[in-house]
Structures are given as C-alpha cells and as structure tokens.
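Engineer: Before I ask anything, let me first share the structure, which is written out below as structure tokens.
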Amino acid sequence: MADTRRQLRSSTVVLGGMGLLAAALTACSSDPDKRCVDRDSYTSLKGYKVVADKNCKTTTTSVSSGWYYGGKKKGSWVDGGSFTKASKGSGSSTSGGSHHSVDRGGFGSGKGSSGG
C-alpha cells in the first residue's frame, strides 16, 4: 500500500512539472518583441525612436507610428527589426538598417534560364 502511494505521488509531481514546463514554453513562444515606433524618426546610427504604445493603438496621433517587430533596443531607440510580423517557420530575418526584401530568383520566379 505504501508503494502505491509513493508511485502516485511521484507521478503527480512529474505531471505537475510537465504542466509548468508546457506553460513556460507557451509563454516564451508568443509574438516577438514588438514596439511602437515613430516611422519618421529613422537614423542610420540609432534606428527608430520608440514611442508610447498608445500611438500605435489609435489613429488620431500627431506621430506617424507603427509596430516594429524584433530588433535590438538601445535606450529609447530600436534597430534591426521589421515593420512586418515574421510568420512562424519562415526562417527569414533582417539585419542592419537596410529594411528591404531581396528577390534572388529561383523556381517559379520568372527569372533565369532553363538548362535545355
């Protein structure tokens, strides 16, 4: 009888621990860092100026703002991210201050030539 109780307690501890682990992983896999920035404030040395979130939640502000995803925050500035939210599993990232997409051609792109 004591062995049955011990097994039951250890199973409860393991299952409880797995639930905590699942909750922690779910919380960590949410949206990437997003910050409300002034779109007109970009400088090549600093990036975009971070402004209050309320500027991105309403359309009646004097600041041309937008959500900026990812990037590195330095003080009240952020750079190296994107204004488009990355889709899960896309494997793409932007770096530096060039915020432009690149089309390298490939299958179905209409560029290049066929081998014969």
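To be explicit about the labels: the chains of the structure tokens are called A, B, and onward in the order shown, and within each one the residues are counted from 1, while ligands get numbers from 1 in the order they are shown.
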Quick one: everything within 7 Å of region 48-51 of chain A, counting only C-alpha atoms, minus sequence neighbours fewer than 3 positions away in the same chain. Send it as a PyMOL selection string.
Structural biologist: chain A and resi 35-39+41-43+76-79
Engineer: Expressed in Å to a single decimal, how great is the separation between CA of Asp33 (chain A) and CA of Tyr69 (chain A)?
Structural biologist: 5.7 Å
